[in-house]
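Quick look at target-v8.pdb (PDB, C-alpha atoms):
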MODEL        1
ATOM      1  CA  MET I   1       5.234  32.918  12.265  1.00  0.00           C
ATOM      2  CA  GLY I   2       4.185  29.698  14.004  1.00  0.00           C
ATOM      3  CA  ASN I   3       4.093  26.152  12.805  1.00  0.00           C
ATOM      4  CA  THR I   4       4.237  25.333   9.138  1.00  0.00           C
ATOM      5  CA  ILE I   5       3.277  22.203   7.293  1.00  0.00           C
ATOM      6  CA  ASP I   6       5.110  21.023   4.221  1.00  0.00           C
ATOM      7  CA  MET I   7       2.406  20.983   1.594  1.00  0.00           C
ATOM      8  CA  VAL I   8       3.218  18.359  -0.975  1.00  0.00           C
ATOM      9  CA  ALA I   9       1.514  18.851  -4.290  1.00  0.00           C
ATOM     10  CA  THR I  10      -0.047  15.528  -5.151  1.00  0.00           C
ATOM     11  CA  GLU I  11      -1.503  14.748  -8.512  1.00  0.00           C
ATOM     12  CA  VAL I  12      -4.121  12.084  -8.995  1.00  0.00           C
ATOM     13  CA  LYS I  13      -3.334   9.838 -11.933  1.00  0.00           C
ATOM     14  CA  MET I  14      -4.683   6.606 -13.316  1.00  0.00           C
ATOM     15  CA  VAL I  15      -2.461   3.526 -13.360  1.00  0.00           C
ATOM     16  CA  ALA I  16      -2.941  -0.086 -14.356  1.00  0.00           C
ATOM     17  CA  ILE I  17      -4.338  -2.072 -11.456  1.00  0.00           C
ATOM     18  CA  SER I  18      -1.801  -4.776 -12.308  1.00  0.00           C
ATOM     19  CA  ASP I  19       0.948  -2.333 -11.256  1.00  0.00           C
ATOM     20  CA  VAL I  20      -0.550  -1.930  -7.755  1.00  0.00           C
ATOM     21  CA  TYR I  21      -0.067  -4.269  -4.797  1.00  0.00           C
ATOM     22  CA  ALA I  22      -0.889  -4.433  -1.090  1.00  0.00           C
ATOM     23  CA  ASN I  23       1.613  -3.592   1.623  1.00  0.00           C
ATOM     24  CA  ASP I  24       2.551  -6.264   4.156  1.00  0.00           C
ATOM     25  CA  TYR I  25       1.803  -4.321   7.330  1.00  0.00           C
ATOM     26  CA  ASN I  26      -1.742  -2.914   7.270  1.00  0.00           C
ATOM     27  CA  PRO I  27      -3.523  -3.841  10.522  1.00  0.00           C
ATOM     28  CA  ASN I  28      -6.929  -2.670   9.269  1.00  0.00           C
ATOM     29  CA  ILE I  29      -9.675  -5.132   8.481  1.00  0.00           C
ATOM     30  CA  VAL I  30     -13.147  -4.445   7.168  1.00  0.00           C
ATOM     31  CA  ALA I  31     -16.104  -6.659   8.013  1.00  0.00           C
ATOM     32  CA  ALA I  32     -18.042  -8.304   5.193  1.00  0.00           C
ATOM     33  CA  PRO I  33     -21.095  -5.976   5.417  1.00  0.00           C
ATOM     34  CA  GLU I  34     -18.862  -2.907   5.109  1.00  0.00           C
ATOM     35  CA  MET I  35     -17.092  -4.463   2.104  1.00  0.00           C
ATOM     36  CA  VAL I  36     -20.481  -4.934   0.455  1.00  0.00           C
ATOM     37  CA  LEU I  37     -21.248  -1.293   1.230  1.00  0.00           C
ATOM     38  CA  LEU I  38     -17.881  -0.192  -0.166  1.00  0.00           C
ATOM     39  CA  GLU I  39     -18.593  -2.056  -3.392  1.00  0.00           C
ATOM     40  CA  LEU I  40     -22.027  -0.435  -3.598  1.00  0.00           C
ATOM     41  CA  SER I  41     -20.457   2.965  -2.970  1.00  0.00           C
ATOM     42  CA  ILE I  42     -17.903   2.510  -5.741  1.00  0.00           C
ATOM     43  CA  ARG I  43     -20.582   1.238  -8.129  1.00  0.00           C
ATOM     44  CA  GLU I  44     -22.963   4.126  -7.363  1.00  0.00           C
ATOM     45  CA  ASN I  45     -20.554   6.989  -6.649  1.00  0.00           C
ATOM     46  CA  GLY I  46     -17.462   6.024  -8.584  1.00  0.00           C
ATOM     47  CA  PHE I  47     -13.942   5.875  -7.258  1.00  0.00           C
ATOM     48  CA  CYS I  48     -14.021   9.076  -5.183  1.00  0.00           C
ATOM     49  CA  TYR I  49     -10.813   8.549  -3.193  1.00  0.00           C
ATOM     50  CA  PRO I  50      -7.559   7.627  -4.886  1.00  0.00           C
ATOM     51  CA  LEU I  51      -5.230   5.030  -3.447  1.00  0.00           C
ATOM     52  CA  ALA I  52      -2.258   6.515  -1.602  1.00  0.00           C
ATOM     53  CA  VAL I  53       0.810   4.649  -2.831  1.00  0.00           C
ATOM     54  CA  ILE I  54       4.599   4.551  -2.856  1.00  0.00           C
ATOM     55  CA  LYS I  55       6.433   3.796  -6.080  1.00  0.00           C
ATOM     56  CA  ASP I  56       8.926   0.981  -5.508  1.00  0.00           C
ATOM     57  CA  GLU I  57      12.309   0.327  -7.148  1.00  0.00           C
ATOM     58  CA  GLU I  58      10.631  -1.745  -9.890  1.00  0.00           C
ATOM     59  CA  GLY I  59       8.151   0.974 -10.836  1.00  0.00           C
ATOM     60  CA  LYS I  60       5.187  -0.761  -9.140  1.00  0.00           C
ATOM     61  CA  TYR I  61       2.929   0.931  -6.597  1.00  0.00           C
ATOM     62  CA  CYS I  62       2.680  -0.292  -2.999  1.00  0.00           C
ATOM     63  CA  ILE I  63      -0.543   0.726  -1.262  1.00  0.00           C
ATOM     64  CA  VAL I  64      -0.229   2.951   1.802  1.00  0.00           C
ATOM     65  CA  ASP I  65      -3.979   3.632   2.022  1.00  0.00           C
ATOM     66  CA  GLY I  66      -6.856   2.200   0.026  1.00  0.00           C
ATOM     67  CA  PHE I  67      -6.351  -1.552   0.166  1.00  0.00           C
ATOM     68  CA  HIS I  68     -10.072  -2.252   0.468  1.00  0.00           C
ATOM     69  CA  ARG I  69     -10.915   0.083  -2.424  1.00  0.00           C
ATOM     70  CA  TYR I  70      -8.215  -1.741  -4.426  1.00  0.00           C
ATOM     71  CA  THR I  71      -9.760  -5.105  -3.488  1.00  0.00           C
ATOM     72  CA  VAL I  72     -13.182  -3.966  -4.699  1.00  0.00           C
ATOM     73  CA  ALA I  73     -11.667  -2.529  -7.890  1.00  0.00           C
ATOM     74  CA  LYS I  74     -10.092  -5.921  -8.626  1.00  0.00           C
ATOM     75  CA  LYS I  75     -13.384  -7.684  -7.915  1.00  0.00           C
ATOM     76  CA  LEU I  76     -15.180  -5.324 -10.307  1.00  0.00           C
ATOM     77  CA  GLY I  77     -12.600  -6.024 -12.991  1.00  0.00           C
ATOM     78  CA  LEU I  78     -11.370  -2.444 -13.255  1.00  0.00           C
ATOM     79  CA  GLU I  79      -8.259  -2.141 -15.389  1.00  0.00           C
ATOM     80  CA  GLN I  80      -7.104   1.155 -13.870  1.00  0.00           C
ATOM     81  CA  VAL I  81      -7.324   2.824 -10.478  1.00  0.00           C
ATOM     82  CA  PRO I  82      -6.662   6.396  -9.374  1.00  0.00           C
ATOM     83  CA  ILE I  83      -3.565   6.906  -7.239  1.00  0.00           C
ATOM     84  CA  VAL I  84      -1.740   9.635  -5.378  1.00  0.00           C
ATOM     85  CA  GLU I  85       1.957   8.982  -4.984  1.00  0.00           C
ATOM     86  CA  LEU I  86       3.603   9.668  -1.631  1.00  0.00           C
ATOM     87  CA  HIS I  87       7.339   9.901  -1.044  1.00  0.00           C
ATOM     88  CA  HIS I  88       7.956   8.432   2.413  1.00  0.00           C
ATOM     89  CA  SER I  89      10.371   6.132   4.191  1.00  0.00           C
ATOM     90  CA  ILE I  90       8.994   2.778   5.354  1.00  0.00           C
ATOM     91  CA  ALA I  91       8.524   4.108   8.894  1.00  0.00           C
ATOM     92  CA  LYS I  92       6.595   7.113   7.642  1.00  0.00           C
ATOM     93  CA  ARG I  93       4.522   4.861   5.337  1.00  0.00           C
ATOM     94  CA  ILE I  94       3.508   2.622   8.222  1.00  0.00           C
ATOM     95  CA  ALA I  95       2.611   5.663  10.307  1.00  0.00           C
ATOM     96  CA  ALA I  96       0.615   7.114   7.403  1.00  0.00           C
ATOM     97  CA  THR I  97      -1.345   3.870   6.988  1.00  0.00           C
ATOM     98  CA  VAL I  98      -2.388   3.901  10.633  1.00  0.00           C
ATOM     99  CA  GLN I  99      -3.105   7.643  10.550  1.00  0.00           C
ATOM    100  CA  PHE I 100      -5.372   7.227   7.525  1.00  0.00           C
ATOM    101  CA  ASN I 101      -7.175   4.294   9.144  1.00  0.00           C
ATOM    102  CA  ARG I 102      -7.715   5.940  12.512  1.00  0.00           C
ATOM    103  CA  ALA I 103      -8.496   9.418  11.180  1.00  0.00           C
ATOM    104  CA  ARG I 104     -11.598   8.082   9.443  1.00  0.00           C
ATOM    105  CA  GLY I 105     -13.188   7.621  12.852  1.00  0.00           C
ATOM    106  CA  THR I 106     -16.397   5.786  13.556  1.00  0.00           C
ATOM    107  CA  HIS I 107     -20.045   6.637  13.220  1.00  0.00           C
ATOM    108  CA  GLN I 108     -21.803   7.704  16.395  1.00  0.00           C
ATOM    109  CA  VAL I 109     -24.766   5.492  17.232  1.00  0.00           C
ATOM    110  CA  LEU I 110     -27.222   8.300  18.006  1.00  0.00           C
ATOM    111  CA  ASP I 111     -26.319  10.146  14.807  1.00  0.00           C
ATOM    112  CA  MET I 112     -26.747   6.939  12.793  1.00  0.00           C
ATOM    113  CA  SER I 113     -30.126   6.468  14.476  1.00  0.00           C
ATOM    114  CA  LYS I 114     -31.173   9.946  13.362  1.00  0.00           C
ATOM    115  CA  LEU I 115     -30.112   9.110   9.807  1.00  0.00           C
ATOM    116  CA  VAL I 116     -32.244   5.963   9.854  1.00  0.00           C
ATOM    117  CA  ILE I 117     -35.289   7.979  10.954  1.00  0.00           C
ATOM    118  CA  ARG I 118     -34.578  10.582   8.282  1.00  0.00           C
ATOM    119  CA  LEU I 119     -34.429   7.881   5.604  1.00  0.00           C
ATOM    120  CA  ILE I 120     -37.729   6.459   6.892  1.00  0.00           C
ATOM    121  CA  LYS I 121     -39.246   9.932   6.513  1.00  0.00           C
ATOM    122  CA  GLU I 122     -37.846  10.019   2.963  1.00  0.00           C
ATOM    123  CA  GLY I 123     -39.866   6.901   2.215  1.00  0.00           C
ATOM    124  CA  LEU I 124     -37.206   4.183   2.330  1.00  0.00           C
ATOM    125  CA  SER I 125     -38.172   0.791   3.684  1.00  0.00           C
ATOM    126  CA  ASP I 126     -36.151  -0.944   6.380  1.00  0.00           C
ATOM    127  CA  ALA I 127     -34.713  -3.246   3.719  1.00  0.00           C
ATOM    128  CA  GLU I 128     -33.686  -0.302   1.527  1.00  0.00           C
ATOM    129  CA  ILE I 129     -32.099   1.446   4.503  1.00  0.00           C
ATOM    130  CA  GLY I 130     -30.177  -1.712   5.303  1.00  0.00           C
ATOM    131  CA  ILE I 131     -28.838  -1.884   1.767  1.00  0.00           C
ATOM    132  CA  VAL I 132     -27.801   1.746   1.376  1.00  0.00           C
ATOM    133  CA  LEU I 133     -26.256   2.014   4.853  1.00  0.00           C
ATOM    134  CA  GLY I 134     -24.727  -1.458   4.879  1.00  0.00           C
ATOM    135  CA  MET I 135     -26.722  -2.760   7.839  1.00  0.00           C
ATOM    136  CA  ASP I 136     -28.627  -5.926   8.579  1.00  0.00           C
ATOM    137  CA  GLU I 137     -32.285  -5.790   9.630  1.00  0.00           C
ATOM    138  CA  ASP I 138     -31.465  -6.077  13.324  1.00  0.00           C
ATOM    139  CA  GLU I 139     -29.160  -3.067  13.224  1.00  0.00           C
ATOM    140  CA  VAL I 140     -31.780  -0.960  11.424  1.00  0.00           C
ATOM    141  CA  PHE I 141     -34.357  -2.089  14.012  1.00  0.00           C
ATOM    142  CA  ARG I 142     -32.081  -1.191  16.958  1.00  0.00           C
ATOM    143  CA  LEU I 143     -31.299   2.225  15.498  1.00  0.00           C
ATOM    144  CA  LYS I 144     -35.011   2.892  14.978  1.00  0.00           C
ATOM    145  CA  GLN I 145     -35.602   2.152  18.659  1.00  0.00           C
ATOM    146  CA  LEU I 146     -32.989   4.693  19.750  1.00  0.00           C
ATOM    147  CA  SER I 147     -34.697   7.620  18.034  1.00  0.00           C
ATOM    148  CA  GLY I 148     -38.095   7.091  19.502  1.00  0.00           C
ATOM    149  CA  LEU I 149     -40.434   4.208  18.981  1.00  0.00           C
ATOM    150  CA  LYS I 150     -43.461   6.282  18.049  1.00  0.00           C
ATOM    151  CA  GLU I 151     -41.728   8.074  15.169  1.00  0.00           C
ATOM    152  CA  ALA I 152     -39.825   5.040  13.918  1.00  0.00           C
ATOM    153  CA  PHE I 153     -42.761   2.667  13.867  1.00  0.00           C
ATOM    154  CA  LYS I 154     -45.697   4.963  13.113  1.00  0.00           C
ATOM    155  CA  ASN I 155     -46.388   3.586   9.613  1.00  0.00           C
ATOM    156  CA  GLN I 156     -45.873  -0.082  10.473  1.00  0.00           C
ATOM    157  CA  GLN I 157     -48.558  -2.755  10.344  1.00  0.00           C
ATOM    158  CA  PHE I 158     -49.024  -4.652  13.594  1.00  0.00           C
ATOM    159  CA  SER I 159     -50.891  -7.844  14.296  1.00  0.00           C
ATOM    160  CA  LYS I 160     -54.302  -7.762  15.948  1.00  0.00           C
ATOM    161  CA  SER I 161     -53.161 -10.217  18.618  1.00  0.00           C
ATOM    162  CA  TRP I 162     -53.777  -7.783  21.499  1.00  0.00           C
ATOM    163  CA  ASP I 163     -57.295  -7.050  20.251  1.00  0.00           C
ATOM    164  CA  GLU I 164     -57.968 -10.771  19.984  1.00  0.00           C
ATOM    165  CA  PHE I 165     -56.477 -11.390  23.441  1.00  0.00           C
ATOM    166  CA  SER I 166     -58.406  -8.558  25.122  1.00  0.00           C
ATOM    167  CA  SER I 167     -61.722  -9.551  23.535  1.00  0.00           C
ATOM    168  CA  LYS I 168     -61.239 -13.163  24.557  1.00  0.00           C
ATOM    169  CA  TYR I 169     -60.426 -12.272  28.179  1.00  0.00           C
ATOM    170  CA  ARG I 170     -62.500  -9.068  28.408  1.00  0.00           C
ATOM    171  CA  PHE I 171     -59.834  -6.538  29.437  1.00  0.00           C
TER     172      PHE I 171
ENDMDL
END
What is this structure when it is put down as structure tokens?
Amino acid sequence: MGNTIDMVATEVKMVAISDVYANDYNPNIVAAPEMVLLELSIRENGFCYPLAVIKDEEGKYCIVDGFHRYTVAKKLGLEQVPIVELHHSIAKRIAATVQFNRARGTHQVLDMSKLVIRLIKEGLSDAEIGIVLGMDEDEVFRLKQLSGLKEAFKNQQFSKSWDEFSSKYRF
């Protein structure tokens, strides 16, 4: 009948954050602006994705995926975090960590540019867009440029310097 996949029933449960710890092999890092965005996301949207963990011999939970969510949870002083328990060998755990990291992908620049323009049309300021999308002002500015200058800058105030220059030199 073709290929089959072993479907493992996983149950999300809450555990004490003190019973959770980081693995010693995760190659993933998250830049400071994305960590700020992750914290904002957890504050505004809740903890939408449980940590994927392995239960060790001492009954503690080693993180396979979700280290950065765990870090934010600790920073926020959460006493419990949601987990999903996996049952893998160390080799399979390492592979799963990398698979989770890489499967998330990246955002395409042109698509992000379109989102910036859409948020402008929804009435958000550049500063607000920067906050909600985790970008600095320069990144918002560059993305606005990609989607068309006229649309992105149509409601902006500009200086009268050209008018002053042209009247002074009679252009």
Please list, as a PyMOL selection string, the residues that have an atom at most 7 Å away from (-4.7, -2.9, -12.6) in the coordinates of this file, counting only C-alpha atoms.
chain I and resi 15-20+78-81
Counting all atoms listed in the file, figure out which residue out of I:Ala127, I:Leu51, I:Val140, I:Val109 gets nearest to Ala73 in chain I.
I:Leu51
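Taking CA of Glu57 in chain I and CA of Gln99 in chain I as the two end points, the separation is 24.6 Å.
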Pro82 in chain I: which residues within 8 Å, counting all atoms listed in the file, same-chain residues fewer than 5 positions away excluded, as a ChimeraX atom specification?
/I:12-15,47,49-51
Picked residues, the PyMOL selection byres ((chain I and resi 63-70) around 8), expected as a list in words
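That expression, the PyMOL selection byres ((chain I and resi 63-70) around 8), corresponds here to Val20, Tyr21, Ala22, Asn23, Val30, Met35, Leu38, Pro50, Leu51, Ala52, Val53, Ile54, Tyr61, Cys62, Thr71, Val72, Ala73, Lys74, Val81, Arg93, Ile94, Ala96, Thr97, Phe100 and Asn101 of chain I.
Computed from the coordinates, the CA of Ala32 in chain I to CA of Val132 in chain I distance equals 14.5 Å.
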Which of these, I:Pro33, I:Asp111, I:Asp126, I:Cys48, has the shortest distance to Asp138 in chain I once you count all atoms listed in the file?
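Counting all atoms listed in the file, the residue closest to Asp138 in chain I is I:Asp126.
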What is the distance, in Å and to one decimal place, between CA of Glu85 in chain I and CA of Lys55 in chain I?
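Separation between CA of Glu85 in chain I and CA of Lys55 in chain I: 6.9 Å.
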Nearby residues (only C-alpha atoms) at most 8 Å from Leu37 in chain I, same-chain spacing under 3 positions excluded, as a list in words
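Non-adjacent residues within range: Pro33, Glu34, Leu40, Ser41, Ile131, Val132, Leu133 and Gly134 of chain I.
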Please supply range 54-69 of chain I, rebuilt with N, CA, C and O atoms, as a PDB file, in the coordinates of the input.
ATOM      1  N   ILE I  54       3.173   4.255  -2.737  1.00  0.00           N
ATOM      2  CA  ILE I  54       4.599   4.551  -2.856  1.00  0.00           C
ATOM      3  C   ILE I  54       5.092   3.806  -4.086  1.00  0.00           C
ATOM      4  O   ILE I  54       4.777   2.627  -4.260  1.00  0.00           O
ATOM      5  N   LYS I  55       5.861   4.462  -4.907  1.00  0.00           N
ATOM      6  CA  LYS I  55       6.433   3.796  -6.080  1.00  0.00           C
ATOM      7  C   LYS I  55       7.704   3.069  -5.643  1.00  0.00           C
ATOM      8  O   LYS I  55       8.601   3.671  -5.046  1.00  0.00           O
ATOM      9  N   ASP I  56       7.759   1.758  -5.929  1.00  0.00           N
ATOM     10  CA  ASP I  56       8.926   0.981  -5.508  1.00  0.00           C
ATOM     11  C   ASP I  56      10.041   1.030  -6.556  1.00  0.00           C
ATOM     12  O   ASP I  56       9.906   1.677  -7.601  1.00  0.00           O
ATOM     13  N   GLU I  57      11.128   0.322  -6.268  1.00  0.00           N
ATOM     14  CA  GLU I  57      12.309   0.327  -7.148  1.00  0.00           C
ATOM     15  C   GLU I  57      12.003  -0.261  -8.521  1.00  0.00           C
ATOM     16  O   GLU I  57      12.710   0.015  -9.491  1.00  0.00           O
ATOM     17  N   GLU I  58      10.979  -1.093  -8.621  1.00  0.00           N
ATOM     18  CA  GLU I  58      10.631  -1.745  -9.890  1.00  0.00           C
ATOM     19  C   GLU I  58       9.550  -0.989 -10.665  1.00  0.00           C
ATOM     20  O   GLU I  58       9.063  -1.472 -11.691  1.00  0.00           O
ATOM     21  N   GLY I  59       9.157   0.174 -10.149  1.00  0.00           N
ATOM     22  CA  GLY I  59       8.151   0.974 -10.836  1.00  0.00           C
ATOM     23  C   GLY I  59       6.717   0.552 -10.537  1.00  0.00           C
ATOM     24  O   GLY I  59       5.784   1.027 -11.180  1.00  0.00           O
ATOM     25  N   LYS I  60       6.528  -0.340  -9.566  1.00  0.00           N
ATOM     26  CA  LYS I  60       5.187  -0.761  -9.140  1.00  0.00           C
ATOM     27  C   LYS I  60       4.756   0.117  -7.967  1.00  0.00           C
ATOM     28  O   LYS I  60       5.561   0.808  -7.356  1.00  0.00           O
ATOM     29  N   TYR I  61       3.473   0.064  -7.637  1.00  0.00           N
ATOM     30  CA  TYR I  61       2.929   0.931  -6.597  1.00  0.00           C
ATOM     31  C   TYR I  61       2.451   0.115  -5.396  1.00  0.00           C
ATOM     32  O   TYR I  61       1.538  -0.692  -5.520  1.00  0.00           O
ATOM     33  N   CYS I  62       3.047   0.364  -4.248  1.00  0.00           N
ATOM     34  CA  CYS I  62       2.680  -0.292  -2.999  1.00  0.00           C
ATOM     35  C   CYS I  62       1.657   0.577  -2.278  1.00  0.00           C
ATOM     36  O   CYS I  62       1.884   1.772  -2.067  1.00  0.00           O
ATOM     37  N   ILE I  63       0.550  -0.017  -1.894  1.00  0.00           N
ATOM     38  CA  ILE I  63      -0.543   0.726  -1.262  1.00  0.00           C
ATOM     39  C   ILE I  63      -0.177   1.138   0.164  1.00  0.00           C
ATOM     40  O   ILE I  63       0.233   0.316   0.969  1.00  0.00           O
ATOM     41  N   VAL I  64      -0.349   2.412   0.450  1.00  0.00           N
ATOM     42  CA  VAL I  64      -0.229   2.951   1.802  1.00  0.00           C
ATOM     43  C   VAL I  64      -1.632   3.068   2.402  1.00  0.00           C
ATOM     44  O   VAL I  64      -1.859   2.750   3.554  1.00  0.00           O
ATOM     45  N   ASP I  65      -2.585   3.522   1.601  1.00  0.00           N
ATOM     46  CA  ASP I  65      -3.979   3.632   2.022  1.00  0.00           C
ATOM     47  C   ASP I  65      -4.875   3.320   0.838  1.00  0.00           C
ATOM     48  O   ASP I  65      -4.628   3.804  -0.272  1.00  0.00           O
ATOM     49  N   GLY I  66      -5.893   2.503   1.080  1.00  0.00           N
ATOM     50  CA  GLY I  66      -6.856   2.200   0.026  1.00  0.00           C
ATOM     51  C   GLY I  66      -6.922   0.737  -0.356  1.00  0.00           C
ATOM     52  O   GLY I  66      -7.478   0.383  -1.394  1.00  0.00           O
ATOM     53  N   PHE I  67      -6.371  -0.128   0.487  1.00  0.00           N
ATOM     54  CA  PHE I  67      -6.351  -1.552   0.166  1.00  0.00           C
ATOM     55  C   PHE I  67      -7.744  -2.097  -0.123  1.00  0.00           C
ATOM     56  O   PHE I  67      -7.938  -2.865  -1.073  1.00  0.00           O
ATOM     57  N   HIS I  68      -8.727  -1.711   0.658  1.00  0.00           N
ATOM     58  CA  HIS I  68     -10.072  -2.252   0.468  1.00  0.00           C
ATOM     59  C   HIS I  68     -10.719  -1.708  -0.804  1.00  0.00           C
ATOM     60  O   HIS I  68     -11.444  -2.426  -1.492  1.00  0.00           O
ATOM     61  N   ARG I  69     -10.435  -0.456  -1.145  1.00  0.00           N
ATOM     62  CA  ARG I  69     -10.915   0.083  -2.424  1.00  0.00           C
ATOM     63  C   ARG I  69     -10.250  -0.666  -3.584  1.00  0.00           C
ATOM     64  O   ARG I  69     -10.896  -0.989  -4.581  1.00  0.00           O
TER      65      ARG I  69
END
